[in-house]
Amino acid sequence: SDTMLVNWFSRIPDVKAAAPRFSSNGEINITKNGGMIETNRIPLLGVDPIQDIQASSAHTTVSEGSYVFSHNSIVLGSNIVRDLGDVHVGDSIEVGVVNRWGQDEVRRFIVSGIATSPGGQGLDYSAVVHIDTLRDMLDRKGYTSSIMVKLHDPSSAENVRDLFLASFVNDDFVAETIEESAEQQLAGFRSGIAMINMIGYFGMMSSAFAIVTIQMMLVNGKTKEIGIMRSIGARRKDILVIFIMQGILIGFIGAAAGTGAGLAYTFYAKETKLSFNNSLPLEVSFDWPKIFQTALTSFGLAVLASLYPSFRATRLLPVEAMRYV
C-alpha cells in the first residue's frame with residue numbers, strides 16, 4: 001500500500017519526505033450565464049494535501065487561493081481556467097470520470113486555487129484534487145500511481161533508487177530520478193543548447209572573415225609605409241610580424257571584451273533570476289573550462305584570420321609600393 005511505501009521511505013536517512021499520488025483523466029464543466037462550458041481529457045492529479053506539501057513544491061505554484069485542503073476542493077491549472085471562461089476561486093464546477101466499471105461518476109467541487117507555473121509547465125494543464133476523492137470516484141480504494149520522494153541531498157537520488165529497487169525486487173515497480181523522468185524535456189534542452197553553440201561558432205567564423213577584411217584594408221592603406229620600410233632594409237619577416245601583431249591585438253581585445261560582457265550578463269542573469277516571457281528562471285552556472293576554451297578559440301581565429309593579409313603585405317615589392325609615395 002502507499003502507506004507502507006511512504007513509511008519505508010521515511011526510514012531512509014537521505015529522504016526528507018514522501019507522498020503518494022494518483023493520476024487519471026476526466027472532464028470538467030461549469031455553468032456560466034445560463035450556458036455550460038465543458039473541457040475534455042483533463043489530467044487529474046490526486047494528492048494527499050499534508051504529505052504533498054512536504055514532498056513537492058507543487059503547492060507553491062498556486063498563484064490565487066490555496067492548495068487542496070478538503071475532499072471537495074480542487075486546484076485548476078491556469079490553462080484550464082482560460083478554457084472554462086475565466087473561472088475564479090470559490091466557483092463551483094463539476095468533474096466527471098469513468099470508474100473502473102465503465103460507469104460515469106460526477107462530483108461537484110469548489111475551486112480553492114489556481115496554479116500558474118513559469119513557462120506554462122507544471123500543473124497549468126491539470127486539475128488537483130484530494131487523492132481519496134479521486135480514488136472514490138474511480139472506485140479504486142488504496143490505489144496509487146506514484147510516490148513523490150524529496151531528498152535532503154539530490155545527489156543521493158541514484159543511491160535511494162537502487163536501494164528501493166533492491167528492496168522490492170519481486171514487485172513490478174519503476175523508480176526514476178528526476179533527471180530520468182524528465183529525459184525527453186532535457187533532450188530538447190540539450191538540442192537547443194547545441195544549436196546555440198553552433199550559432200555562436202558560426203558567429204566567430206563571421207568575425208574571422210571580418211578581421212580578414214579589416215586587415216586587408218590595413219594592408220592596402222599602408223602600402224606607402226610598407227614600401228618605405230622595405231626600401232630602408234626591412235625584411236619580409238619584419239612586415240609579417242607587424243601585421244600578425246595587429247591580428248593578435250585585435251584578437252586579444254575582442255576575446256577579452258566578449259568574455260567580459262558575457263560574464264557580466266551571466267552574473268546579472270544569475271543574481272536577478274532572469275526569465276523571458278514568464279518562463280522558468282535561468283539556472284546559471286559558470287563552466288570555467290568552457291569559458292576559457294571559447295575565449296581561446298575566438299583569439300585563435302583572430303590570429304589565423306590575420307595570417308593571409310600579413311602574407312599579402314610581405315609580397316609587396318619595394319618599387320611597386322614606392323609608386324604611392
# chains A, B, ... in the order shown; residues from 1 in each chain; ligands from 1
$ residues_around --residues "Lys290 in chain A" --least-positions-apart "6" --cutoff "12 Å" --atoms "only C-alpha atoms" --output "ChimeraX atom specification"
/A:197,259,296-297
$ select_by_dssp --residues "range 1-222 of chain A" --states "strand (DSSP E)" --output "VMD selection string"
chain A and resid 15 to 32 35 to 47 62 to 65 73 to 77 92 to 98 104 to 115 127 to 130 146 to 151
$ residues_around --residues "range 56-59 of chain A" --least-positions-apart "4" --cutoff "8 Å" --atoms "only C-alpha atoms" --output "PyMOL selection string"
chain A and resi 52+66-67+122-123+148-150
$ residues_around --residues "Leu5 in chain A" --least-positions-apart "3" --cutoff "9 Å" --atoms "only C-alpha atoms" --output "PyMOL selection string"
chain A and resi 1-2+8-10+18+20+147
$ write_last_selection --atoms "C-alpha atoms" --output "PDB file, in the first residue's frame"
ATOM      1  CA  SER A   1       0.000   0.000   0.000  1.00  0.00           C
ATOM      2  CA  ASP A   2       1.025   3.622  -0.335  1.00  0.00           C
ATOM      3  CA  TRP A   8       9.540   2.693   4.142  1.00  0.00           C
ATOM      4  CA  PHE A   9      10.955   5.813   2.503  1.00  0.00           C
ATOM      5  CA  SER A  10      10.651   7.818   5.722  1.00  0.00           C
ATOM      6  CA  ALA A  18       7.426  11.137   0.614  1.00  0.00           C
ATOM      7  CA  PRO A  20       1.505   9.301  -2.729  1.00  0.00           C
ATOM      8  CA  ILE A 147       5.282   8.108  -4.828  1.00  0.00           C
TER       9      ILE A 147
END
$ closest_residue --among "A:Val15, A:Ile211, A:Ile250, A:Ala256" --to "Pro154 in chain A" --atoms "only C-alpha atoms"
A:Val15
$ residues_around --residues "Val68 in chain A" --least-positions-apart "4" --cutoff "9 Å" --atoms "only C-alpha atoms" --output "ChimeraX atom specification"
/A:47-49,59,72-75,111-113,128-130
$ write_last_selection --atoms "N, CA and C atoms" --output "CSV table (one decimal), in the first residue's frame"
chain,number,residue,atom,x,y,z
A,47,VAL,N,-3.8,14.1,-4.7
A,47,VAL,CA,-2.7,14.2,-3.8
A,47,VAL,C,-3.2,14.2,-2.3
A,48,ASP,N,-2.3,13.8,-1.4
A,48,ASP,CA,-2.5,14.0,0.0
A,48,ASP,C,-2.1,15.4,0.4
A,49,PRO,N,-3.0,16.3,0.8
A,49,PRO,CA,-2.6,17.7,1.0
A,49,PRO,C,-1.5,17.9,1.9
A,59,HIS,N,2.5,23.0,-4.4
A,59,HIS,CA,1.7,24.0,-3.8
A,59,HIS,C,2.1,25.4,-4.0
A,72,ASN,N,-13.6,18.1,-1.2
A,72,ASN,CA,-14.4,18.7,-2.3
A,72,ASN,C,-13.7,20.0,-2.8
A,73,SER,N,-12.4,20.2,-2.5
A,73,SER,CA,-11.7,21.3,-3.1
A,73,SER,C,-10.9,20.9,-4.3
A,74,ILE,N,-10.7,21.8,-5.2
A,74,ILE,CA,-9.9,21.5,-6.4
A,74,ILE,C,-9.1,22.7,-6.8
A,75,VAL,N,-7.9,22.4,-7.3
A,75,VAL,CA,-7.0,23.4,-7.8
A,75,VAL,C,-6.9,23.3,-9.3
A,111,VAL,N,-13.6,25.5,-6.4
A,111,VAL,CA,-12.3,25.9,-6.8
A,111,VAL,C,-11.6,26.6,-5.6
A,112,SER,N,-10.5,26.0,-5.1
A,112,SER,CA,-9.8,26.6,-4.0
A,112,SER,C,-8.6,27.3,-4.4
A,113,GLY,N,-8.1,27.1,-5.6
A,113,GLY,CA,-6.9,27.7,-6.0
A,113,GLY,C,-6.7,27.6,-7.5
A,128,VAL,N,-6.0,19.4,-9.7
A,128,VAL,CA,-5.5,18.7,-8.5
A,128,VAL,C,-6.7,18.6,-7.5
A,129,VAL,N,-6.9,17.3,-7.0
A,129,VAL,CA,-8.0,17.1,-6.0
A,129,VAL,C,-7.4,16.2,-4.9
A,130,HIS,N,-8.2,16.0,-3.9
A,130,HIS,CA,-7.8,15.1,-2.8
A,130,HIS,C,-7.6,13.7,-3.4
$ atom_distance --atom1 "CA of Arg190 in chain A" --atom2 "CA of Ile178 in chain A"
16.0 Å
$ decode --residues "range 107-153 of chain A" --atoms "C-alpha atoms" --output "JSON list (two decimals), in the first residue's frame"
[["chain", "number", "residue", "atom", "x", "y", "z"],
["A", 107, "ARG", "CA", -18.70, 15.12, -8.33],
["A", 108, "ARG", "CA", -19.06, 18.81, -7.57],
["A", 109, "PHE", "CA", -16.02, 20.73, -6.36],
["A", 110, "ILE", "CA", -15.24, 24.21, -5.12],
["A", 111, "VAL", "CA", -12.26, 25.89, -6.77],
["A", 112, "SER", "CA", -9.81, 26.55, -3.96],
["A", 113, "GLY", "CA", -6.87, 27.75, -6.02],
["A", 114, "ILE", "CA", -5.44, 28.45, -9.46],
["A", 115, "ALA", "CA", -1.97, 27.18, -10.36],
["A", 116, "THR", "CA", 0.36, 29.11, -12.63],
["A", 117, "SER", "CA", 3.82, 27.76, -13.43],
["A", 118, "PRO", "CA", 6.68, 29.59, -15.16],
["A", 119, "GLY", "CA", 6.82, 28.65, -18.82],
["A", 120, "GLY", "CA", 3.32, 27.15, -18.78],
["A", 121, "GLN", "CA", 4.60, 23.85, -17.40],
["A", 122, "GLY", "CA", 3.84, 22.16, -14.09],
["A", 123, "LEU", "CA", 0.14, 22.00, -13.25],
["A", 124, "ASP", "CA", -1.07, 24.56, -15.79],
["A", 125, "TYR", "CA", -2.92, 21.90, -17.78],
["A", 126, "SER", "CA", -4.01, 19.76, -14.81],
["A", 127, "ALA", "CA", -6.54, 19.72, -12.01],
["A", 128, "VAL", "CA", -5.54, 18.71, -8.47],
["A", 129, "VAL", "CA", -7.97, 17.07, -6.05],
["A", 130, "HIS", "CA", -7.75, 15.09, -2.83],
["A", 131, "ILE", "CA", -6.35, 11.63, -3.51],
["A", 132, "ASP", "CA", -9.11, 9.88, -1.53],
["A", 133, "THR", "CA", -11.80, 11.69, -3.51],
["A", 134, "LEU", "CA", -10.28, 10.60, -6.82],
["A", 135, "ARG", "CA", -9.99, 7.03, -5.55],
["A", 136, "ASP", "CA", -13.65, 7.02, -4.55],
["A", 137, "MET", "CA", -14.74, 8.40, -7.91],
["A", 138, "LEU", "CA", -12.79, 5.72, -9.77],
["A", 139, "ASP", "CA", -13.71, 3.04, -7.23],
["A", 140, "ARG", "CA", -10.04, 2.26, -6.71],
["A", 141, "LYS", "CA", -9.60, 2.40, -2.98],
["A", 142, "GLY", "CA", -5.97, 2.33, -1.91],
["A", 143, "TYR", "CA", -4.61, 2.74, -5.45],
["A", 144, "THR", "CA", -1.52, 4.89, -6.02],
["A", 145, "SER", "CA", 0.12, 5.82, -9.32],
["A", 146, "SER", "CA", 3.39, 7.10, -7.93],
["A", 147, "ILE", "CA", 5.28, 8.11, -4.83],
["A", 148, "MET", "CA", 6.93, 11.52, -4.83],
["A", 149, "VAL", "CA", 10.15, 11.45, -2.79],
["A", 150, "LYS", "CA", 12.04, 14.52, -1.63],
["A", 151, "LEU", "CA", 15.67, 14.12, -0.58],
["A", 152, "HIS", "CA", 17.90, 16.11, 1.72],
["A", 153, "ASP", "CA", 20.65, 15.92, -0.89]]
